[in-house]
Each structure stands twice: as C-alpha cells, then as structure tokens.
file work.txt (compact mmCIF, C-alpha atoms and all ligand atoms)
# COMPACT_ATOMS: atom_id res chain seq x y z
CA MET C 3 94.81 244.13 -136.40
CA LYS C 4 94.98 242.47 -133.02
CA ALA C 5 94.62 243.98 -129.56
CA THR C 6 93.92 242.89 -125.99
CA ALA C 7 92.04 244.81 -123.33
CA GLN C 8 91.31 244.27 -119.66
CA ALA C 9 88.19 245.75 -118.08
CA PRO C 10 86.82 245.55 -114.54
CA SER C 11 83.45 244.54 -113.30
CA ASN C 12 81.77 247.25 -111.27
CA ILE C 13 79.37 247.37 -108.35
CA ALA C 14 76.63 249.97 -108.52
CA PHE C 15 75.79 252.13 -105.49
CA VAL C 16 72.82 253.63 -107.35
CA LYS C 17 71.66 251.02 -109.81
CA TYR C 18 70.43 251.19 -113.37
CA TRP C 19 67.05 249.48 -113.71
CA GLY C 20 64.75 250.16 -116.67
CA LYS C 21 65.34 251.80 -120.02
CA SER C 22 63.76 254.62 -121.98
CA ASN C 23 65.08 253.17 -125.26
CA ASN C 24 65.84 249.49 -125.72
CA ALA C 25 67.68 249.61 -129.03
CA LEU C 26 70.01 252.38 -127.82
CA THR C 27 70.29 251.13 -124.20
CA LEU C 28 69.27 254.50 -122.78
CA PRO C 29 68.56 254.25 -119.02
CA ASN C 30 65.75 255.87 -117.08
CA ASN C 31 68.14 257.09 -114.37
CA ASN C 32 71.73 258.09 -113.68
CA SER C 33 73.73 255.35 -111.94
CA LEU C 34 76.92 255.41 -109.87
CA SER C 35 79.44 252.67 -109.19
CA MET C 36 82.97 251.71 -108.29
CA ASN C 37 85.18 249.62 -110.55
CA LEU C 38 86.41 246.36 -109.08
CA GLU C 39 90.15 246.03 -109.35
CA SER C 40 90.34 242.24 -108.84
CA LEU C 41 87.32 241.07 -110.86
CA HIS C 42 87.97 241.46 -114.54
CA THR C 43 87.66 240.18 -118.09
CA ILE C 44 90.58 240.05 -120.51
CA THR C 45 89.71 239.93 -124.21
CA THR C 46 91.79 239.62 -127.35
CA VAL C 47 90.28 240.53 -130.71
CA GLU C 48 91.99 239.82 -134.02
CA PHE C 49 90.57 240.90 -137.38
CA ASP C 50 92.09 238.94 -140.25
CA GLU C 51 91.03 238.04 -143.80
CA MET C 52 91.98 234.42 -143.01
CA TYR C 53 88.82 234.03 -140.89
CA SER C 54 85.78 233.02 -142.94
CA GLU C 55 83.44 233.65 -140.00
CA ASP C 56 83.58 235.28 -136.60
CA LEU C 57 84.88 232.96 -133.91
CA VAL C 58 84.02 233.65 -130.27
CA GLU C 59 85.72 231.71 -127.47
CA ILE C 60 85.10 232.30 -123.78
CA GLY C 61 86.86 230.93 -120.73
CA PHE C 62 84.28 231.13 -118.00
CA PHE C 63 85.45 231.09 -114.40
CA GLN C 64 87.43 227.90 -113.64
CA GLU C 65 86.31 226.31 -116.92
CA SER C 66 88.36 225.59 -120.02
CA ILE C 67 88.01 227.91 -122.99
CA GLN C 68 85.11 226.96 -125.25
CA LYS C 69 83.54 228.18 -128.48
CA VAL C 70 80.22 229.90 -127.85
CA SER C 71 77.21 229.96 -130.14
CA GLY C 72 73.59 231.11 -130.06
CA GLY C 73 72.47 234.26 -128.24
CA LYS C 74 75.76 234.86 -126.40
CA LYS C 75 77.73 234.78 -129.67
CA GLN C 76 75.18 236.94 -131.47
CA ARG C 77 75.49 239.75 -128.87
CA VAL C 78 79.25 239.79 -129.44
CA ILE C 79 78.83 239.76 -133.22
CA ASP C 80 76.27 242.58 -133.10
CA GLN C 81 78.78 244.70 -131.21
CA LEU C 82 81.61 243.80 -133.63
CA ASN C 83 79.36 244.71 -136.59
CA ARG C 84 78.64 248.09 -135.03
CA LEU C 85 82.40 248.76 -134.82
CA ARG C 86 83.20 247.28 -138.25
CA GLN C 87 80.62 249.63 -139.73
CA LEU C 88 82.50 252.63 -138.31
CA LYS C 89 85.58 251.45 -140.18
CA ASN C 90 83.57 250.42 -143.24
CA ILE C 91 84.99 246.89 -143.31
CA THR C 92 83.54 243.38 -143.19
CA THR C 93 86.71 241.50 -142.14
CA ARG C 94 85.87 238.62 -139.77
CA CYS C 95 87.64 238.14 -136.49
CA ARG C 96 88.53 235.84 -133.65
CA VAL C 97 87.60 236.84 -130.11
CA ARG C 98 88.94 235.13 -127.03
CA SER C 99 87.88 236.21 -123.59
CA ILE C 100 88.58 235.04 -120.04
CA ASN C 101 86.85 235.97 -116.81
CA ASN C 102 88.41 235.60 -113.37
CA PHE C 103 85.03 235.37 -111.60
CA PRO C 104 81.72 233.50 -112.18
CA ALA C 105 79.34 234.87 -114.82
CA ASP C 106 75.57 235.30 -114.38
CA ALA C 107 75.65 235.34 -110.59
CA GLY C 108 75.13 238.97 -109.68
CA ILE C 109 78.67 240.15 -110.30
CA ALA C 110 78.45 242.23 -113.43
CA SER C 111 80.26 239.91 -115.86
CA SER C 112 78.53 241.45 -118.86
CA ALA C 113 79.88 244.85 -117.76
CA SER C 114 83.52 243.76 -117.78
CA ALA C 115 82.97 241.58 -120.87
CA PHE C 116 81.44 244.31 -123.05
CA ALA C 117 83.89 246.97 -121.88
CA ALA C 118 86.87 244.69 -122.64
CA LEU C 119 85.42 243.55 -125.99
CA THR C 120 84.68 247.09 -127.15
CA ALA C 121 88.06 248.48 -126.03
CA ALA C 122 89.99 245.60 -127.65
CA ALA C 123 88.01 245.71 -130.92
CA CYS C 124 88.36 249.51 -131.17
CA ALA C 125 92.12 249.23 -130.62
CA ALA C 126 92.44 246.39 -133.18
CA LEU C 127 90.52 248.50 -135.71
CA GLN C 128 92.54 251.61 -134.79
CA LEU C 129 89.36 253.56 -134.16
CA LYS C 130 90.95 255.62 -131.35
CA PRO C 131 87.75 256.69 -129.56
CA SER C 132 87.94 259.22 -126.71
CA LEU C 133 86.96 257.90 -123.26
CA LYS C 134 83.49 259.38 -123.72
CA GLU C 135 83.12 257.77 -127.16
CA LEU C 136 84.34 254.42 -125.82
CA SER C 137 81.76 254.57 -123.02
CA ILE C 138 79.01 255.31 -125.57
CA LEU C 139 80.13 252.53 -127.93
CA THR C 140 80.32 250.10 -125.00
CA ARG C 141 76.81 251.08 -123.84
CA LEU C 142 75.41 250.39 -127.31
CA GLY C 143 76.53 246.75 -126.91
CA GLY C 144 73.41 246.27 -124.76
CA SER C 145 74.91 245.90 -121.28
CA GLY C 146 74.41 249.44 -120.09
CA SER C 147 76.36 248.99 -116.87
CA ALA C 148 79.43 248.22 -119.04
CA ALA C 149 79.56 251.93 -119.91
CA ARG C 150 80.60 252.52 -116.26
CA SER C 151 83.53 250.06 -116.57
CA VAL C 152 85.28 252.34 -119.08
CA PRO C 153 86.50 255.31 -116.97
CA ASP C 154 88.66 254.77 -113.86
CA GLY C 155 87.64 254.49 -110.23
CA PHE C 156 84.29 255.82 -109.05
CA THR C 157 82.06 256.55 -112.00
CA GLU C 158 78.68 258.02 -112.88
CA TRP C 159 76.72 257.08 -115.97
CA LYS C 160 74.77 260.16 -116.98
CA ARG C 161 71.39 259.16 -118.33
CA GLY C 162 71.59 261.79 -121.09
CA LYS C 163 68.84 262.99 -123.41
CA ASN C 164 70.07 261.06 -126.45
CA SER C 165 72.68 258.49 -127.41
CA ASN C 166 75.58 260.95 -127.55
CA GLY C 167 74.69 262.35 -124.14
CA SER C 168 74.53 258.99 -122.34
CA TYR C 169 77.96 257.91 -121.09
CA ALA C 170 79.96 257.38 -117.90
CA VAL C 171 82.48 259.77 -116.39
CA GLU C 172 85.07 259.39 -113.66
CA LEU C 173 83.98 261.05 -110.40
CA ALA C 174 87.18 260.17 -108.53
CA PRO C 175 90.24 258.00 -109.20
CA PRO C 176 90.79 254.62 -107.48
CA SER C 177 93.21 256.21 -104.97
CA HIS C 178 90.48 258.59 -103.75
CA TRP C 179 88.96 256.14 -101.24
CA ASP C 180 90.02 252.66 -100.12
CA LEU C 181 86.60 251.01 -100.26
CA VAL C 182 86.38 247.24 -100.56
CA ASP C 183 83.63 245.07 -102.05
CA ILE C 184 83.47 241.66 -100.37
CA VAL C 185 81.38 239.45 -102.63
CA LEU C 186 79.68 236.56 -100.85
CA ILE C 187 78.74 233.82 -103.30
CA VAL C 188 75.79 231.71 -102.19
CA SER C 189 74.87 230.40 -105.63
CA GLN C 190 76.68 230.17 -108.96
CA ALA C 191 73.59 228.94 -110.78
CA GLU C 192 72.34 231.01 -113.70
CA LYS C 193 69.95 233.63 -112.34
CA SER C 194 66.19 233.24 -112.66
CA ALA C 195 65.74 236.22 -114.99
CA SER C 196 68.35 238.11 -116.98
CA SER C 197 68.89 241.79 -116.27
CA LEU C 198 67.58 242.34 -119.81
CA GLU C 199 64.21 240.87 -118.74
CA GLY C 200 64.37 242.86 -115.52
CA HIS C 201 64.88 246.19 -117.31
CA GLU C 202 62.01 245.39 -119.66
CA SER C 203 59.54 244.53 -116.93
CA ALA C 204 60.49 247.32 -114.46
CA GLU C 205 57.63 249.51 -115.64
CA THR C 206 55.07 246.82 -114.78
CA SER C 207 55.79 247.40 -111.08
CA PRO C 208 53.47 249.96 -109.44
CA TYR C 209 56.45 250.99 -107.29
CA TYR C 210 58.77 251.83 -110.19
CA PRO C 211 57.63 255.49 -110.46
CA ALA C 212 58.37 255.88 -106.72
CA ARG C 213 61.86 254.45 -107.27
CA LEU C 214 62.58 256.87 -110.12
CA HIS C 215 61.27 259.75 -108.00
CA GLU C 216 63.50 258.96 -104.99
CA LEU C 217 66.52 258.41 -107.26
CA LYS C 218 66.72 262.11 -108.14
CA GLN C 219 67.80 262.88 -104.56
CA ARG C 220 69.73 259.65 -104.05
CA VAL C 221 72.02 260.31 -107.01
CA VAL C 222 72.96 263.70 -105.54
CA ARG C 223 73.49 262.26 -102.04
CA VAL C 224 75.63 259.35 -103.26
CA ARG C 225 77.73 261.58 -105.51
CA LYS C 226 78.34 263.94 -102.56
CA ALA C 227 79.09 261.04 -100.18
CA ILE C 228 81.71 259.67 -102.60
CA MET C 229 83.39 263.04 -103.00
CA ALA C 230 83.35 263.70 -99.21
CA LYS C 231 84.26 260.07 -98.33
CA ASP C 232 81.20 260.01 -96.09
CA PHE C 233 80.87 256.25 -95.57
CA HIS C 234 77.84 256.39 -93.29
CA THR C 235 75.69 258.29 -95.82
CA LEU C 236 76.98 256.20 -98.73
CA GLY C 237 76.16 252.98 -96.89
CA GLN C 238 72.64 254.05 -95.93
CA GLU C 239 71.89 255.06 -99.51
CA ILE C 240 73.29 251.95 -101.20
CA GLU C 241 71.18 249.68 -98.98
CA LYS C 242 68.03 251.71 -99.71
CA ASP C 243 68.84 251.57 -103.41
CA ALA C 244 69.33 247.80 -103.49
CA LEU C 245 66.09 247.21 -101.57
CA SER C 246 64.18 249.54 -103.88
CA LEU C 247 65.51 247.73 -106.99
CA HIS C 248 64.57 244.32 -105.58
CA LEU C 249 61.16 245.59 -104.48
CA THR C 250 60.61 246.74 -108.08
CA ALA C 251 61.71 243.34 -109.42
CA LEU C 252 59.54 241.44 -106.91
CA THR C 253 56.46 243.48 -107.79
CA SER C 254 56.97 243.35 -111.56
CA VAL C 255 54.66 241.19 -113.67
CA PRO C 256 55.61 238.34 -113.52
CA PRO C 257 57.59 238.81 -110.29
CA ILE C 258 61.34 238.35 -110.42
CA TRP C 259 62.93 236.72 -107.37
CA TYR C 260 66.67 237.10 -107.35
CA TRP C 261 67.00 236.35 -103.63
CA GLN C 262 67.58 232.96 -102.07
CA PRO C 263 67.08 232.27 -98.34
CA GLU C 264 70.86 232.72 -97.89
CA THR C 265 70.60 236.22 -99.38
CA ILE C 266 68.24 237.27 -96.59
CA ALA C 267 70.37 235.57 -93.94
CA LEU C 268 73.35 237.60 -95.14
CA ILE C 269 71.43 240.89 -95.03
CA HIS C 270 70.76 240.14 -91.35
CA GLU C 271 74.43 239.26 -90.82
CA VAL C 272 75.39 242.70 -92.13
CA TYR C 273 72.92 244.34 -89.72
CA ALA C 274 74.46 242.24 -86.90
CA LEU C 275 77.97 243.40 -87.85
CA ARG C 276 76.81 247.00 -87.54
CA ARG C 277 75.29 246.30 -84.13
CA GLN C 278 78.77 245.09 -83.11
CA GLY C 279 80.19 248.43 -84.26
CA ILE C 280 81.70 247.22 -87.56
CA GLU C 281 80.56 249.51 -90.33
CA ALA C 282 79.55 247.49 -93.38
CA TYR C 283 76.65 247.82 -95.83
CA PHE C 284 75.13 245.41 -98.32
CA THR C 285 74.10 245.74 -101.91
CA ILE C 286 72.72 243.09 -104.26
CA ASP C 287 72.70 243.06 -108.06
CA ALA C 288 70.47 240.97 -110.31
CA GLY C 289 71.29 237.71 -108.54
CA PRO C 290 71.31 236.06 -105.09
CA ASN C 291 74.85 236.98 -104.03
CA VAL C 292 75.55 239.70 -101.51
CA HIS C 293 78.15 242.44 -101.87
CA VAL C 294 79.38 243.81 -98.56
CA ILE C 295 80.89 247.27 -98.94
CA CYS C 296 83.35 248.37 -96.27
CA GLU C 297 86.45 250.44 -95.72
CA GLN C 298 89.85 248.74 -96.04
CA LYS C 299 90.50 248.99 -92.28
CA ASN C 300 87.60 246.55 -91.61
CA ALA C 301 87.93 244.30 -94.67
CA GLN C 302 89.97 241.50 -93.15
CA LYS C 303 87.76 241.25 -90.05
CA ILE C 304 84.61 241.12 -92.18
CA ARG C 305 86.03 238.55 -94.59
CA LYS C 306 87.01 236.36 -91.67
CA HIS C 307 83.54 236.69 -90.15
CA PHE C 308 81.89 235.41 -93.34
CA ALA C 309 84.49 232.70 -94.05
CA SER C 310 82.96 230.61 -91.25
CA GLN C 311 79.44 230.54 -92.80
CA ALA C 312 78.88 227.11 -94.36
CA TYR C 313 76.37 228.32 -96.95
CA ILE C 314 78.86 230.72 -98.56
CA SER C 315 80.62 228.79 -101.33
CA LYS C 316 83.17 231.47 -102.25
CA ILE C 317 84.28 234.90 -101.23
CA PHE C 318 85.86 237.40 -103.59
CA SER C 319 87.05 240.77 -102.49
CA SER C 320 88.19 243.76 -104.42
CA GLY C 321 89.32 247.30 -103.95
CA VAL C 322 88.63 250.13 -106.37
CA GLY C 323 90.25 249.80 -109.77
CA LYS C 324 90.95 251.41 -113.07
CA GLY C 325 88.61 251.22 -116.03
CA ALA C 326 89.20 249.58 -119.41
CA GLN C 327 92.87 249.37 -120.40
CA ILE C 328 94.71 248.13 -123.46
CA ILE C 329 97.32 245.58 -122.39
CA SER C 330 100.13 244.06 -124.39
CA LYS C 331 99.84 240.35 -123.55
CA HIS C 332 97.56 238.59 -126.07
CA LEU C 333 95.43 235.52 -125.25
CA PHE C 334 96.30 233.76 -128.56
O1 LIG C 401 74.03 246.35 -117.66
P1 LIG C 401 72.99 245.33 -117.48
O2 LIG C 401 72.00 245.33 -118.59
O3 LIG C 401 73.58 243.97 -117.28
O4 LIG C 401 72.18 245.68 -116.16
C1 LIG C 401 72.77 245.81 -114.92
C2 LIG C 401 71.79 245.89 -113.85
C3 LIG C 401 72.32 245.87 -112.43
O5 LIG C 401 73.54 245.17 -112.35
C4 LIG C 401 71.31 245.15 -111.57
C5 LIG C 401 72.50 247.27 -111.85
C6 LIG C 401 73.68 248.08 -112.27
O6 LIG C 401 73.53 249.27 -112.44
O7 LIG C 401 74.80 247.53 -112.37

call {"tool": "encode", "arguments": {"input": "work.txt", "output": "structure tokens", "more": "lines below"}}
Ligand code: PMV
result
Amino acid sequence: MKATAQAPSNIAFVKYWGKSNNALTLPNNNSLSMNLESLHTITTVEFDEMYSEDLVEIGFFQESIQKVSGGKKQRVIDQLNRLRQLKNITTRCRVRSINNFPADAGIASSASAFAALTAAACAALQLKPSLKELSILTRLGGSGSAARSVPDGFTEWKRGKNSNGSYAVELAPPSHWDLVDIVLIVSQAEKSASSLEGHESAETSPYYPARLHELKQRVVRVRKAIMAKDFHTLGQEIEKDALSLHLTALTSVPPIWYWQPETIALIHEVYALRRQGIEAYFTIDAGPNVHVICEQKNAQKIRKHFASQAYISKIFSSGVGKGAQIISKHLF
C-alpha cells in the first residue's frame, strides 16, 4: 500500500479569493489557471500496520528532509483521515514529500502539495477515483487551488452549487499554447497572512462585491482568450484580476499587504517591457513575488532582462504542464 505522485503548482489567471463554505472549501467564484511543468511536489505515501502513528516528512526547497508537526502535520492528517474513511480503515502511514521550489512565497506550494498527497494516498489505498473525483477530494483538503492541479494543462475550477459540483476540468492540454511563467522571487520569507486568512477576510472589503461582479465577465473572457490563444486579451485580464485581488486584500479588515517595494518596482518593469514592444503581463498570488506571463518566443529575452536586477534573488520559469500523475519512483 505504497504509491508516489507528482503534481504541479499552478498560476491562476482568474484567482480564487473567498469562500461560500469553509468546511467544504467551496469558492465564491470560478477560477482559471495553467499548470506549471517545472514547479512540482513529489509525494510518497505508505500505509502499513507497522506504523503506530502517522509520520509526515517534508523536504522544503533546498533544505534537508525533516519531520513536521503542529498545524502543517494536522492538515495532512485530516486529509489522510478523509481518505481512510472512504476505505473504512485506520491504518497509519508514512508520508514523505519534496518540493522543488520555495513554499509560502506566492508560488502555490499548497496546491502541488495537496494534489500530490491526495493522488498518492488514493493510489496507495487503491481508491481509483475518476479525475473529477480526485479534484473534489483534493479540494476538500483545504487548499482549493489544489483542485486545479489535478487535470492537465489549462484548467478551470467550476465553483459548483455543492461539493460534488465543485471541481476542476481541463480546458486545453499543455501542448495547446506555449505560455511561460517567469517567477521573480524578491522574498522567500513566510508571507504576512496565509491565503486561508485572506479568503476568510475577503468579505470585510467593501470592494469584494465589485470584484465578484466583474469576475462573471472576466471568467468568460479569459476562457475564450485561452481557447483562441489571444495573448493580448489574456494579459489584460490577468493583470486586472491580480490588481482586483490585491485591492480586496488591502482593503480587508485588518488590511493584508502582500506587496513589498520590489513587487511594485517589478510591475513597472513589466509596463516598461511592453513600452519596448515585448509583450509580457504580470500576476501576483498571495505573496510579494511577481509572475511574468509571456509566450515562449519572448521568454529568454525577458528572463535575461530580469536577471540583471539586484533585488531579485531567484528566477524560476516554467511552461505549461500536466496535472497530477502517479509515478513509479518512490521517495523511501
Ligand atoms: O488554494 P489556497 O487556499 O492556497 O488559495 C489560493 C489563493 C491564490 O493563490 C491567491 C489564488 C489562486 O486561485 O491560486
């Protein structure tokens, strides 16, 4: 009863912010994203009677593997319990997980982590969920965006009316469009507020109803832009969406500041690139780092441009990738 899964992080073009049901992780809006081929989590789960308690070990980016405890461990155990219940067993397990990018810095590490954990645990338990069921089970783990890391390529998480109706689907495979996400890391410090806190306080912002209102049209525009490979429209919409999310966070009570001065400097750098005729657009998750979305033909030029900025500590870049996969090489 051992299996290993690999799942990608994803970057949202229309972001999920705010929930209608906390316990079930039901979002207030549909969200759309692309899976990131090069930024992933690999997780091995082994259920065995020899374990007297659940053991959770995580290898964070460039750190040695360590046992985790407290809240982080509990979230993993809650998800394992949910899956054990489906199989009607109480067998304990060992979980080992490694990330090839920094956690808690605005690259969705909880998305890849929960998608990989759920896929590996389901395979170890021989639950054999469909893709839709795997997306639902992953979503129930509490990181909603993880539901979008299950199907391949460009995905849309349908808000749904109830738990069984809220899951992500593939809009187009990775080969559909050679978009690249260039992630500019300005800080690897833990962010000021978790996305959990952000979702919970979204409704305290007087601008949140306006965001939800404009999202109805944005979701349609972004879906169409992806299908038509209309980069100009996609880019305009993703920037508006990121600004609207951060405006909501900044005007929540208490305000949540994810941006650092470098974040704003990089937004202006992206505008400057466009003035030079290089088409690139920014988006920013719940953290200070900036994602620059471009087409493959401009990726190298843009990466080189940012490599010379002293305040950028690291640059990751990734094309569009597959969703959660079971792989054969185990971590222990
Ligand atoms: O899935 P969560 O609970 O970690 O929330 C993710 C929130 C954002 O990353 C800011 C947006 C998104 O849709 O990915």

call {"tool": "residues_near_ligand", "arguments": {"input": "work.txt", "ligand": "ligand LIG 401 (chain C)", "cutoff": "9 Å", "atoms": "only C-alpha atoms and all ligand atoms", "output": "PyMOL selection string"}}
result
chain C and resi 12-20+27+33-35+108-113+141+144-150+196-201+244+247+286-289

call {"tool": "residues_around", "arguments": {"input": "work.txt", "residues": "Thr120 in chain C", "least_positions_apart": "5", "cutoff": "9 Å", "atoms": "all atoms listed in the file", "output": "MDAnalysis selection string"}}
result
chainID C and resid 7 81:82 85 115 125 136 139:140 143

call {"tool": "write_last_selection", "arguments": {"input": "work.txt", "atoms": "C-alpha atoms", "output": "mmCIF file, keeping the file's coordinate frame"}}
result
data_model
loop_
_atom_site.group_PDB
_atom_site.id
_atom_site.type_symbol
_atom_site.label_atom_id
_atom_site.label_comp_id
_atom_site.auth_asym_id
_atom_site.auth_seq_id
_atom_site.Cartn_x
_atom_site.Cartn_y
_atom_site.Cartn_z
ATOM 1 C CA ALA C 7 92.040 244.810 -123.330
ATOM 2 C CA GLN C 81 78.780 244.700 -131.210
ATOM 3 C CA LEU C 82 81.610 243.800 -133.630
ATOM 4 C CA LEU C 85 82.400 248.760 -134.820
ATOM 5 C CA ALA C 115 82.970 241.580 -120.870
ATOM 6 C CA ALA C 125 92.120 249.230 -130.620
ATOM 7 C CA LEU C 136 84.340 254.420 -125.820
ATOM 8 C CA LEU C 139 80.130 252.530 -127.930
ATOM 9 C CA THR C 140 80.320 250.100 -125.000
ATOM 10 C CA GLY C 143 76.530 246.750 -126.910
#

call {"tool": "residues_around", "arguments": {"input": "work.txt", "residues": "range 302-310 of chain C", "least_positions_apart": "5", "cutoff": "8 Å", "atoms": "only C-alpha atoms", "output": "MDAnalysis selection string"}}
result
chainID C and resid 184 186 317

call {"tool": "atom_distance", "arguments": {"input": "work.txt", "atom1": "CA of Ala25 in chain C", "atom2": "CA of Ser71 in chain C"}}
result
21.9 Å

call {"tool": "closest_residue", "arguments": {"input": "work.txt", "among": "C:Arg77, C:Arg98, C:Lys226, C:Lys299", "to": "Gly61 in chain C", "atoms": "only C-alpha atoms"}}
result
C:Arg98

call {"tool": "decode", "arguments": {"input": "work.txt", "residues": "range 316-326 of chain C", "atoms": "all heavy atoms", "output": "PDB file, in the first residue's frame"}}
result
ATOM      1  N   LYS C 316      16.003  35.084  -7.003  1.00  0.00           N
ATOM      2  CA  LYS C 316      15.939  33.860  -7.814  1.00  0.00           C
ATOM      3  C   LYS C 316      14.914  34.019  -8.903  1.00  0.00           C
ATOM      4  O   LYS C 316      13.943  34.766  -8.739  1.00  0.00           O
ATOM      5  CB  LYS C 316      15.482  32.692  -6.935  1.00  0.00           C
ATOM      6  CG  LYS C 316      16.588  31.844  -6.488  1.00  0.00           C
ATOM      7  CD  LYS C 316      16.149  30.534  -5.895  1.00  0.00           C
ATOM      8  CE  LYS C 316      17.341  29.866  -5.267  1.00  0.00           C
ATOM      9  NZ  LYS C 316      17.870  30.577  -4.110  1.00  0.00           N
ATOM     10  N   ILE C 317      15.157  33.325  -9.990  1.00  0.00           N
ATOM     11  CA  ILE C 317      14.153  33.320 -11.063  1.00  0.00           C
ATOM     12  C   ILE C 317      13.852  31.865 -11.405  1.00  0.00           C
ATOM     13  O   ILE C 317      14.767  31.065 -11.617  1.00  0.00           O
ATOM     14  CB  ILE C 317      14.673  34.044 -12.329  1.00  0.00           C
ATOM     15  CG1 ILE C 317      15.040  35.497 -11.995  1.00  0.00           C
ATOM     16  CG2 ILE C 317      13.641  33.987 -13.450  1.00  0.00           C
ATOM     17  CD1 ILE C 317      15.538  36.311 -13.179  1.00  0.00           C
ATOM     18  N   PHE C 318      12.575  31.533 -11.408  1.00  0.00           N
ATOM     19  CA  PHE C 318      12.155  30.216 -11.885  1.00  0.00           C
ATOM     20  C   PHE C 318      11.355  30.450 -13.147  1.00  0.00           C
ATOM     21  O   PHE C 318      10.661  31.464 -13.258  1.00  0.00           O
ATOM     22  CB  PHE C 318      11.219  29.532 -10.881  1.00  0.00           C
ATOM     23  CG  PHE C 318      11.858  29.209  -9.564  1.00  0.00           C
ATOM     24  CD1 PHE C 318      11.812  30.100  -8.512  1.00  0.00           C
ATOM     25  CD2 PHE C 318      12.507  27.991  -9.381  1.00  0.00           C
ATOM     26  CE1 PHE C 318      12.397  29.801  -7.296  1.00  0.00           C
ATOM     27  CE2 PHE C 318      13.094  27.680  -8.171  1.00  0.00           C
ATOM     28  CZ  PHE C 318      13.048  28.584  -7.124  1.00  0.00           C
ATOM     29  N   SER C 319      11.446  29.525 -14.101  1.00  0.00           N
ATOM     30  CA  SER C 319      10.484  29.678 -15.187  1.00  0.00           C
ATOM     31  C   SER C 319       9.926  28.326 -15.563  1.00  0.00           C
ATOM     32  O   SER C 319      10.574  27.292 -15.382  1.00  0.00           O
ATOM     33  CB  SER C 319      11.074  30.421 -16.380  1.00  0.00           C
ATOM     34  OG  SER C 319      12.182  29.761 -16.857  1.00  0.00           O
ATOM     35  N   SER C 320       8.697  28.374 -16.044  1.00  0.00           N
ATOM     36  CA  SER C 320       8.032  27.108 -16.347  1.00  0.00           C
ATOM     37  C   SER C 320       7.036  27.264 -17.474  1.00  0.00           C
ATOM     38  O   SER C 320       6.312  28.254 -17.541  1.00  0.00           O
ATOM     39  CB  SER C 320       7.299  26.615 -15.095  1.00  0.00           C
ATOM     40  OG  SER C 320       6.597  25.426 -15.406  1.00  0.00           O
ATOM     41  N   GLY C 321       7.004  26.245 -18.316  1.00  0.00           N
ATOM     42  CA  GLY C 321       5.966  26.156 -19.327  1.00  0.00           C
ATOM     43  C   GLY C 321       4.732  25.483 -18.733  1.00  0.00           C
ATOM     44  O   GLY C 321       4.644  25.273 -17.523  1.00  0.00           O
ATOM     45  N   VAL C 322       3.810  25.133 -19.602  1.00  0.00           N
ATOM     46  CA  VAL C 322       2.542  24.541 -19.160  1.00  0.00           C
ATOM     47  C   VAL C 322       2.727  23.025 -19.001  1.00  0.00           C
ATOM     48  O   VAL C 322       3.353  22.392 -19.859  1.00  0.00           O
ATOM     49  CB  VAL C 322       1.429  24.795 -20.204  1.00  0.00           C
ATOM     50  CG1 VAL C 322       0.072  24.392 -19.655  1.00  0.00           C
ATOM     51  CG2 VAL C 322       1.436  26.255 -20.644  1.00  0.00           C
ATOM     52  N   GLY C 323       2.207  22.488 -17.926  1.00  0.00           N
ATOM     53  CA  GLY C 323       2.453  21.068 -17.666  1.00  0.00           C
ATOM     54  C   GLY C 323       1.209  20.249 -17.430  1.00  0.00           C
ATOM     55  O   GLY C 323       0.081  20.763 -17.404  1.00  0.00           O
ATOM     56  N   LYS C 324       1.462  18.982 -17.239  1.00  0.00           N
ATOM     57  CA  LYS C 324       0.391  18.033 -16.925  1.00  0.00           C
ATOM     58  C   LYS C 324      -0.081  18.239 -15.502  1.00  0.00           C
ATOM     59  O   LYS C 324       0.595  18.900 -14.707  1.00  0.00           O
ATOM     60  CB  LYS C 324       0.938  16.607 -17.040  1.00  0.00           C
ATOM     61  CG  LYS C 324       1.119  16.134 -18.457  1.00  0.00           C
ATOM     62  CD  LYS C 324       1.684  14.722 -18.406  1.00  0.00           C
ATOM     63  CE  LYS C 324       1.754  14.157 -19.785  1.00  0.00           C
ATOM     64  NZ  LYS C 324       0.793  13.191 -20.137  1.00  0.00           N
ATOM     65  N   GLY C 325      -1.166  17.582 -15.156  1.00  0.00           N
ATOM     66  CA  GLY C 325      -1.676  17.626 -13.787  1.00  0.00           C
ATOM     67  C   GLY C 325      -1.048  16.536 -12.938  1.00  0.00           C
ATOM     68  O   GLY C 325       0.081  16.101 -13.207  1.00  0.00           O
ATOM     69  N   ALA C 326      -1.781  16.079 -11.928  1.00  0.00           N
ATOM     70  CA  ALA C 326      -1.247  15.070 -11.003  1.00  0.00           C
ATOM     71  C   ALA C 326      -1.046  13.740 -11.721  1.00  0.00           C
ATOM     72  O   ALA C 326      -1.894  13.327 -12.518  1.00  0.00           O
ATOM     73  CB  ALA C 326      -2.223  14.903  -9.836  1.00  0.00           C
TER      74      ALA C 326
END
